[in-house]
Amino acid sequence: MFAVRIDRYGPPDALSAGEVPMPAPGPHDVLVRVHASGVNRLDLLLREGNVFQVPLPRIPGSDFAGEIVALGAEVTDRRIGERVFAAPILSCGRCEHCLRGEDNLCRTFGTVGSTIDGGYAEYAVLPARNAVPLPMSMDWHVGASFGLTYATAAAMLRRGRLLAGESVLILGANGGLGFAAVELARDMGAHVIAVSREPEAKAQLLARGAQAVVAPGPDMAQAVRDATGGRGAELVFEHVGAATFEQSIAALAMDGRLVLGGVTTGIESKLDLKAIFTKRLEILGCRGSGRRDLDDVLVRVARGGVNPHIQRILPLAHAAQAHRLLDGPGVLGKIVLTA
């Protein structure tokens, strides 16, 4: 079968495309004929090898959609020909965390496309419990567009206890995770303040539900106070890290919360300890998403409250180009590869 693999760490051109052996499903797996695979920032990080290192070679791709073409010997709750999409978080499905829908806390936590091979291929093996039925109202491209970023954004907003009517400051709003958070927070009834330094992103973010767009930098916190009548944001959605963390803390209102789900610009930052206790602030960590978050997003997408924006569709053989596009300016939404 044709696949795109990470054989060595490096730039986009380090991806190798060609024929690889057809995978066979284990007893509890299904074999999926992949029709579409979403491109995520995680794929770029895996290819670069600076933040995450996995055994190579590895076929990336946490988000994909397709149809089941073979069943493992022990699989009884899936059927050949069924339309499915990949739940990206791997877990045991039996522990107390999994039973609460918090798979991201499972001791066997892993990710499709990094722990096991993913969807940058014509066929992919997936644990049967990770093959989620795709509603007939959704096409393959939509099915490959929300499993990772939208569920992670939903998990962060849940962890941050966002309520309707509250103001939420969303960092990196022009990226995949932030863009998803803008749509989800709007659908939850929040007042959304998006952060982006790209002028061309402003109109798109406002159209997707942001009430205001502010630029990152030393004046960000003041811009947030200006946008909230001097109060500040009840919740900050932070996944940028060192470059923005100090201003994110300063942008919080009294009794505000900051939920941290990533550190793409570094792991060390100054922290205003006085602000923490005088403003009674909370800093909350969030690792990945659980099945309950994916289920929530699936409902919102199915009823049209959230509409993942697919900006570009490319052939699987052009995966290196997709990585270059995602790493550059001007991408507001998903890039999807078709096998």
# chains A, B, ... in the order shown; residues from 1 in each chain; ligands from 1
>>> residues_around(residues="segment 198-214 of chain A", least_positions_apart="2", cutoff="8 Å", atoms="only C-alpha atoms", output="list of chain:residue names")
A:Ala173, A:Asn174, A:Phe179, A:Val182, A:Glu183, A:Arg186, A:His191, A:Val192, A:Ile193, A:Ala194, A:Val195, A:Ser196, A:Pro216, A:Met220, A:Ala223, A:Val224, A:Ala227, A:Pro329, A:Gly330, A:Leu332
>>> write_last_selection(atoms="N, CA and C atoms", output="PDB file, in the first residue's frame")
ATOM      1  N   ALA A 173      -4.933  31.946  18.228  1.00  0.00           N
ATOM      2  CA  ALA A 173      -6.247  31.684  17.631  1.00  0.00           C
ATOM      3  C   ALA A 173      -6.187  31.411  16.141  1.00  0.00           C
ATOM      4  N   ASN A 174      -5.084  31.749  15.483  1.00  0.00           N
ATOM      5  CA  ASN A 174      -4.974  31.469  14.056  1.00  0.00           C
ATOM      6  C   ASN A 174      -4.411  30.075  13.792  1.00  0.00           C
ATOM      7  N   PHE A 179      -8.007  28.002  16.844  1.00  0.00           N
ATOM      8  CA  PHE A 179      -9.136  28.235  15.945  1.00  0.00           C
ATOM      9  C   PHE A 179     -10.328  27.370  16.354  1.00  0.00           C
ATOM     10  N   VAL A 182     -11.988  28.878  19.451  1.00  0.00           N
ATOM     11  CA  VAL A 182     -12.846  30.030  19.151  1.00  0.00           C
ATOM     12  C   VAL A 182     -14.249  29.552  18.796  1.00  0.00           C
ATOM     13  N   GLU A 183     -14.328  28.561  17.920  1.00  0.00           N
ATOM     14  CA  GLU A 183     -15.635  28.060  17.505  1.00  0.00           C
ATOM     15  C   GLU A 183     -16.392  27.403  18.659  1.00  0.00           C
ATOM     16  N   ARG A 186     -17.554  30.003  21.321  1.00  0.00           N
ATOM     17  CA  ARG A 186     -18.722  30.735  20.807  1.00  0.00           C
ATOM     18  C   ARG A 186     -19.977  29.889  20.927  1.00  0.00           C
ATOM     19  N   HIS A 191     -18.005  34.998  25.598  1.00  0.00           N
ATOM     20  CA  HIS A 191     -17.508  36.196  24.916  1.00  0.00           C
ATOM     21  C   HIS A 191     -16.052  35.918  24.557  1.00  0.00           C
ATOM     22  N   VAL A 192     -15.754  35.784  23.272  1.00  0.00           N
ATOM     23  CA  VAL A 192     -14.451  35.308  22.817  1.00  0.00           C
ATOM     24  C   VAL A 192     -13.553  36.470  22.403  1.00  0.00           C
ATOM     25  N   ILE A 193     -12.361  36.493  23.004  1.00  0.00           N
ATOM     26  CA  ILE A 193     -11.313  37.433  22.594  1.00  0.00           C
ATOM     27  C   ILE A 193     -10.177  36.596  22.025  1.00  0.00           C
ATOM     28  N   ALA A 194      -9.919  36.723  20.749  1.00  0.00           N
ATOM     29  CA  ALA A 194      -8.908  35.921  20.073  1.00  0.00           C
ATOM     30  C   ALA A 194      -7.588  36.680  20.014  1.00  0.00           C
ATOM     31  N   VAL A 195      -6.496  35.934  20.064  1.00  0.00           N
ATOM     32  CA  VAL A 195      -5.157  36.526  19.967  1.00  0.00           C
ATOM     33  C   VAL A 195      -4.511  36.058  18.667  1.00  0.00           C
ATOM     34  N   SER A 196      -4.148  37.015  17.820  1.00  0.00           N
ATOM     35  CA  SER A 196      -3.469  36.709  16.571  1.00  0.00           C
ATOM     36  C   SER A 196      -2.713  37.941  16.111  1.00  0.00           C
ATOM     37  N   PRO A 216      -0.672  39.635  20.212  1.00  0.00           N
ATOM     38  CA  PRO A 216       0.216  39.250  21.301  1.00  0.00           C
ATOM     39  C   PRO A 216       1.303  40.296  21.493  1.00  0.00           C
ATOM     40  N   MET A 220      -0.808  43.165  25.335  1.00  0.00           N
ATOM     41  CA  MET A 220      -1.947  42.261  25.201  1.00  0.00           C
ATOM     42  C   MET A 220      -2.895  42.342  26.387  1.00  0.00           C
ATOM     43  N   ALA A 223      -5.022  45.386  26.272  1.00  0.00           N
ATOM     44  CA  ALA A 223      -6.027  45.283  25.222  1.00  0.00           C
ATOM     45  C   ALA A 223      -7.197  44.412  25.680  1.00  0.00           C
ATOM     46  N   VAL A 224      -6.912  43.374  26.449  1.00  0.00           N
ATOM     47  CA  VAL A 224      -7.984  42.521  26.975  1.00  0.00           C
ATOM     48  C   VAL A 224      -8.824  43.290  27.985  1.00  0.00           C
ATOM     49  N   ALA A 227     -11.106  45.513  26.211  1.00  0.00           N
ATOM     50  CA  ALA A 227     -12.204  44.806  25.555  1.00  0.00           C
ATOM     51  C   ALA A 227     -13.242  44.275  26.538  1.00  0.00           C
ATOM     52  N   PRO A 329       2.515  31.088   7.391  1.00  0.00           N
ATOM     53  CA  PRO A 329       1.405  31.994   7.711  1.00  0.00           C
ATOM     54  C   PRO A 329       0.185  31.722   6.846  1.00  0.00           C
ATOM     55  N   GLY A 330      -0.948  32.206   7.304  1.00  0.00           N
ATOM     56  CA  GLY A 330      -2.145  32.212   6.468  1.00  0.00           C
ATOM     57  C   GLY A 330      -3.023  30.990   6.542  1.00  0.00           C
ATOM     58  N   LEU A 332      -5.802  29.066   8.306  1.00  0.00           N
ATOM     59  CA  LEU A 332      -6.856  29.227   9.295  1.00  0.00           C
ATOM     60  C   LEU A 332      -7.838  28.087   9.102  1.00  0.00           C
TER      61      LEU A 332
END
>>> residues_around(residues="segment 264-270 of chain A", least_positions_apart="2", cutoff="7 Å", atoms="only C-alpha atoms", output="list of chain:residue names")
A:His239, A:Val240, A:Gly241, A:Ala242, A:Ala243, A:Phe245, A:Glu246, A:Gly262, A:Asp272
>>> write_last_selection(atoms="C-alpha atoms", output="PDB file, in the first residue's frame")
ATOM      1  CA  HIS A 239      -1.086  26.742  24.783  1.00  0.00           C
ATOM      2  CA  VAL A 240       1.695  28.990  23.511  1.00  0.00           C
ATOM      3  CA  GLY A 241       3.779  28.981  26.683  1.00  0.00           C
ATOM      4  CA  ALA A 242       6.832  31.076  27.486  1.00  0.00           C
ATOM      5  CA  ALA A 243       6.277  33.813  24.895  1.00  0.00           C
ATOM      6  CA  PHE A 245       2.450  33.364  29.704  1.00  0.00           C
ATOM      7  CA  GLU A 246       3.318  36.527  31.658  1.00  0.00           C
ATOM      8  CA  GLY A 262       0.733  23.269  25.550  1.00  0.00           C
ATOM      9  CA  ASP A 272       3.787  37.077  39.060  1.00  0.00           C
TER      10      ASP A 272
END
>>> residues_around(residues="segment 79-95 of chain A", least_positions_apart="5", cutoff="8 Å", atoms="only C-alpha atoms", output="PyMOL selection string")
chain A and resi 62-71+103-104+106-112+126+129-135+143-144+147-148+288-291+294
>>> write_last_selection(atoms="C-alpha atoms", output="PDB file, in the first residue's frame")
ATOM      1  CA  SER A  62      -3.987  11.169  14.348  1.00  0.00           C
ATOM      2  CA  ASP A  63      -7.135  12.252  12.496  1.00  0.00           C
ATOM      3  CA  PHE A  64      -8.513  10.138   9.678  1.00  0.00           C
ATOM      4  CA  ALA A  65     -11.785   8.846   8.313  1.00  0.00           C
ATOM      5  CA  GLY A  66     -12.631   5.863   6.152  1.00  0.00           C
ATOM      6  CA  GLU A  67     -14.462   2.557   5.983  1.00  0.00           C
ATOM      7  CA  ILE A  68     -13.766  -0.706   7.751  1.00  0.00           C
ATOM      8  CA  VAL A  69     -12.560  -3.430   5.396  1.00  0.00           C
ATOM      9  CA  ALA A  70     -11.486  -6.139   7.878  1.00  0.00           C
ATOM     10  CA  LEU A  71     -12.216  -7.098  11.489  1.00  0.00           C
ATOM     11  CA  ASP A 103      -9.068   8.601  28.537  1.00  0.00           C
ATOM     12  CA  ASN A 104      -6.320  11.231  28.652  1.00  0.00           C
ATOM     13  CA  CYS A 106      -5.373   6.533  31.565  1.00  0.00           C
ATOM     14  CA  ARG A 107      -2.063   4.916  32.557  1.00  0.00           C
ATOM     15  CA  THR A 108      -1.803   3.461  29.039  1.00  0.00           C
ATOM     16  CA  PHE A 109      -2.413   6.850  27.397  1.00  0.00           C
ATOM     17  CA  GLY A 110      -1.144   7.096  23.830  1.00  0.00           C
ATOM     18  CA  THR A 111      -1.961   8.737  20.520  1.00  0.00           C
ATOM     19  CA  VAL A 112      -2.805   7.375  17.088  1.00  0.00           C
ATOM     20  CA  LEU A 126      -7.039   0.951  14.603  1.00  0.00           C
ATOM     21  CA  ARG A 129     -12.879   1.077  20.351  1.00  0.00           C
ATOM     22  CA  ASN A 130     -11.107   3.921  18.531  1.00  0.00           C
ATOM     23  CA  ALA A 131     -13.145   3.414  15.354  1.00  0.00           C
ATOM     24  CA  VAL A 132     -16.075   5.785  15.957  1.00  0.00           C
ATOM     25  CA  PRO A 133     -19.125   5.630  13.652  1.00  0.00           C
ATOM     26  CA  LEU A 134     -19.164   8.624  11.299  1.00  0.00           C
ATOM     27  CA  PRO A 135     -22.642  10.130  10.813  1.00  0.00           C
ATOM     28  CA  GLY A 143     -14.607  13.304   9.629  1.00  0.00           C
ATOM     29  CA  ALA A 144     -10.839  13.777   9.443  1.00  0.00           C
ATOM     30  CA  GLY A 147     -10.826  14.366  16.330  1.00  0.00           C
ATOM     31  CA  LEU A 148      -7.606  15.808  17.768  1.00  0.00           C
ATOM     32  CA  GLY A 288      -5.023  15.768  25.787  1.00  0.00           C
ATOM     33  CA  SER A 289      -8.706  14.910  25.625  1.00  0.00           C
ATOM     34  CA  GLY A 290     -11.038  12.156  26.760  1.00  0.00           C
ATOM     35  CA  ARG A 291     -13.816  10.325  24.979  1.00  0.00           C
ATOM     36  CA  LEU A 294     -14.786  13.857  21.574  1.00  0.00           C
TER      37      LEU A 294
END
>>> select_by_dssp(residues="segment 228-288 of chain A", states="helix (DSSP H, G or I)", output="PyMOL selection string")
chain A and resi 245-250+273-278
>>> write_last_selection(atoms="C-alpha atoms", output="mmCIF file, in the first residue's frame")
data_model
loop_
_atom_site.group_PDB
_atom_site.id
_atom_site.type_symbol
_atom_site.label_atom_id
_atom_site.label_comp_id
_atom_site.auth_asym_id
_atom_site.auth_seq_id
_atom_site.Cartn_x
_atom_site.Cartn_y
_atom_site.Cartn_z
ATOM 1 C CA PHE A 245 2.450 33.364 29.704
ATOM 2 C CA GLU A 246 3.318 36.527 31.658
ATOM 3 C CA GLN A 247 0.813 38.629 29.716
ATOM 4 C CA SER A 248 -1.778 35.841 29.951
ATOM 5 C CA ILE A 249 -1.620 35.979 33.754
ATOM 6 C CA ALA A 250 -1.873 39.779 33.666
ATOM 7 C CA LEU A 273 3.204 35.378 42.418
ATOM 8 C CA LYS A 274 1.603 38.493 43.886
ATOM 9 C CA ALA A 275 -1.063 38.461 41.167
ATOM 10 C CA ILE A 276 -1.829 34.810 41.928
ATOM 11 C CA PHE A 277 -2.886 35.456 45.528
ATOM 12 C CA THR A 278 -4.175 39.018 45.302
#
>>> closest_residue(among="A:Val20, A:Val34, A:Ile116, A:Ala3", to="Pro55 of chain A", atoms="only C-alpha atoms")
A:Ile116
>>> closest_residue(among="A:Val39, A:Val168, A:Leu56, A:Val51", to="Gly232 of chain A", atoms="only C-alpha atoms")
A:Val168
>>> closest_residue(among="A:Glu48, A:Ile6, A:Pro127, A:Glu96", to="Pro25 of chain A", atoms="only C-alpha atoms")
A:Pro127
>>> residues_around(residues="segment 255-258 of chain A", least_positions_apart="4", cutoff="7 Å", atoms="only C-alpha atoms", output="NGL selection string")
:A and (160 or 233-238 or 279-284)
>>> write_last_selection(atoms="C-alpha atoms", output="mmCIF file, in the first residue's frame")
data_model
loop_
_atom_site.group_PDB
_atom_site.id
_atom_site.type_symbol
_atom_site.label_atom_id
_atom_site.label_comp_id
_atom_site.auth_asym_id
_atom_site.auth_seq_id
_atom_site.Cartn_x
_atom_site.Cartn_y
_atom_site.Cartn_z
ATOM 1 C CA GLY A 160 -11.165 25.678 32.621
ATOM 2 C CA ALA A 233 -10.864 37.636 31.124
ATOM 3 C CA GLU A 234 -12.457 35.015 33.366
ATOM 4 C CA LEU A 235 -10.563 32.302 31.467
ATOM 5 C CA VAL A 236 -7.336 32.282 29.468
ATOM 6 C CA PHE A 237 -6.887 29.436 26.972
ATOM 7 C CA GLU A 238 -3.086 29.132 26.931
ATOM 8 C CA LYS A 279 -6.450 38.211 42.350
ATOM 9 C CA ARG A 280 -7.191 34.662 43.604
ATOM 10 C CA LEU A 281 -6.127 33.100 40.322
ATOM 11 C CA GLU A 282 -6.103 29.425 39.319
ATOM 12 C CA ILE A 283 -3.642 27.755 36.936
ATOM 13 C CA LEU A 284 -4.986 24.477 35.556
#
>>> closest_residue(among="A:Arg300, A:Val336, A:Pro21, A:Arg287", to="Arg159 of chain A", atoms="only C-alpha atoms")
A:Arg287
>>> residues_around(residues="Phe146 of chain A", least_positions_apart="5", cutoff="9 Å", atoms="only C-alpha atoms", output="PyMOL selection string")
chain A and resi 38+63+151+180+294+297-298+301+308+334
>>> write_last_selection(atoms="C-alpha atoms", output="PDB file, in the first residue's frame")
ATOM      1  CA  GLY A  38      -6.175  15.608   8.749  1.00  0.00           C
ATOM      2  CA  ASP A  63      -7.135  12.252  12.496  1.00  0.00           C
ATOM      3  CA  ALA A 151     -11.549  17.465  21.215  1.00  0.00           C
ATOM      4  CA  ALA A 180     -11.111  25.237  17.221  1.00  0.00           C
ATOM      5  CA  LEU A 294     -14.786  13.857  21.574  1.00  0.00           C
ATOM      6  CA  VAL A 297     -17.556  17.811  19.777  1.00  0.00           C
ATOM      7  CA  LEU A 298     -19.213  15.162  17.596  1.00  0.00           C
ATOM      8  CA  VAL A 301     -20.471  19.281  14.654  1.00  0.00           C
ATOM      9  CA  PRO A 308     -14.619  22.771  11.078  1.00  0.00           C
ATOM     10  CA  LYS A 334      -7.584  22.268   8.518  1.00  0.00           C
TER      11      LYS A 334
END
>>> atom_distance(atom1="atom CA of Ser167 of chain A", atom2="atom CA of Val331 of chain A")
25.1 Å
>>> atom_distance(atom1="atom CA of Ala128 of chain A", atom2="atom CA of Arg8 of chain A")
29.5 Å
>>> atom_distance(atom1="atom CA of Gly165 of chain A", atom2="atom CA of Val263 of chain A")
27.6 Å
>>> closest_residue(among="A:Thr338, A:Asn50, A:Gln321, A:Gln311", to="Tyr123 of chain A", atoms="only C-alpha atoms")
A:Thr338
>>> residues_around(residues="Ala73 of chain A", least_positions_apart="4", cutoff="10 Å", atoms="only C-alpha atoms", output="CSV table (one decimal) with C-alpha atoms, in the first residue's frame")
chain,number,residue,atom,x,y,z
A,25,PRO,CA,-5.5,-6.1,12.3
A,26,GLY,CA,-4.9,-7.8,15.6
A,27,PRO,CA,-7.7,-9.6,17.5
A,28,HIS,CA,-9.2,-6.4,18.9
A,29,ASP,CA,-8.5,-4.2,15.9
A,30,VAL,CA,-10.1,-3.1,12.6
>>> select_by_dssp(residues="segment 19-183 of chain A", states="strand (DSSP E or B)", output="ChimeraX atom specification")
/A:19,29-39,58,63-71,83-86,89-90,110-112,116,121,123-127,131-133,167-170
>>> write_last_selection(atoms="C-alpha atoms", output="CSV table (one decimal), in the first residue's frame")
chain,number,residue,atom,x,y,z
A,19,GLU,CA,5.0,1.5,-0.9
A,29,ASP,CA,-8.5,-4.2,15.9
A,30,VAL,CA,-10.1,-3.1,12.6
A,31,LEU,CA,-8.5,-2.4,9.3
A,32,VAL,CA,-9.7,0.9,7.8
A,33,ARG,CA,-9.5,2.0,4.2
A,34,VAL,CA,-8.5,5.6,4.7
A,35,HIS,CA,-10.3,8.2,2.6
A,36,ALA,CA,-9.0,11.4,4.3
A,37,SER,CA,-6.4,12.3,6.9
A,38,GLY,CA,-6.2,15.6,8.7
A,39,VAL,CA,-2.8,17.3,9.2
A,58,ARG,CA,6.3,5.8,12.0
A,63,ASP,CA,-7.1,12.3,12.5
A,64,PHE,CA,-8.5,10.1,9.7
A,65,ALA,CA,-11.8,8.8,8.3
A,66,GLY,CA,-12.6,5.9,6.2
A,67,GLU,CA,-14.5,2.6,6.0
A,68,ILE,CA,-13.8,-0.7,7.8
A,69,VAL,CA,-12.6,-3.4,5.4
A,70,ALA,CA,-11.5,-6.1,7.9
A,71,LEU,CA,-12.2,-7.1,11.5
A,83,ARG,CA,-18.0,4.5,8.0
A,84,VAL,CA,-15.8,5.5,10.9
A,85,PHE,CA,-13.3,8.1,12.0
A,86,ALA,CA,-10.4,7.7,14.4
A,89,ILE,CA,-6.5,9.0,22.1
A,90,LEU,CA,-5.4,5.4,22.9
A,110,GLY,CA,-1.1,7.1,23.8
A,111,THR,CA,-2.0,8.7,20.5
A,112,VAL,CA,-2.8,7.4,17.1
A,116,ILE,CA,0.9,3.5,16.7
A,121,ALA,CA,-1.7,5.8,4.3
A,123,TYR,CA,-5.0,1.6,5.0
A,124,ALA,CA,-4.6,1.9,8.8
A,125,VAL,CA,-5.1,-0.5,11.7
A,126,LEU,CA,-7.0,1.0,14.6
A,127,PRO,CA,-8.2,-0.5,17.9
A,131,ALA,CA,-13.1,3.4,15.4
A,132,VAL,CA,-16.1,5.8,16.0
A,133,PRO,CA,-19.1,5.6,13.7
A,167,SER,CA,-15.0,36.2,28.6
A,168,VAL,CA,-12.3,33.8,27.4
A,169,LEU,CA,-9.0,34.9,25.9
A,170,ILE,CA,-7.8,32.4,23.3
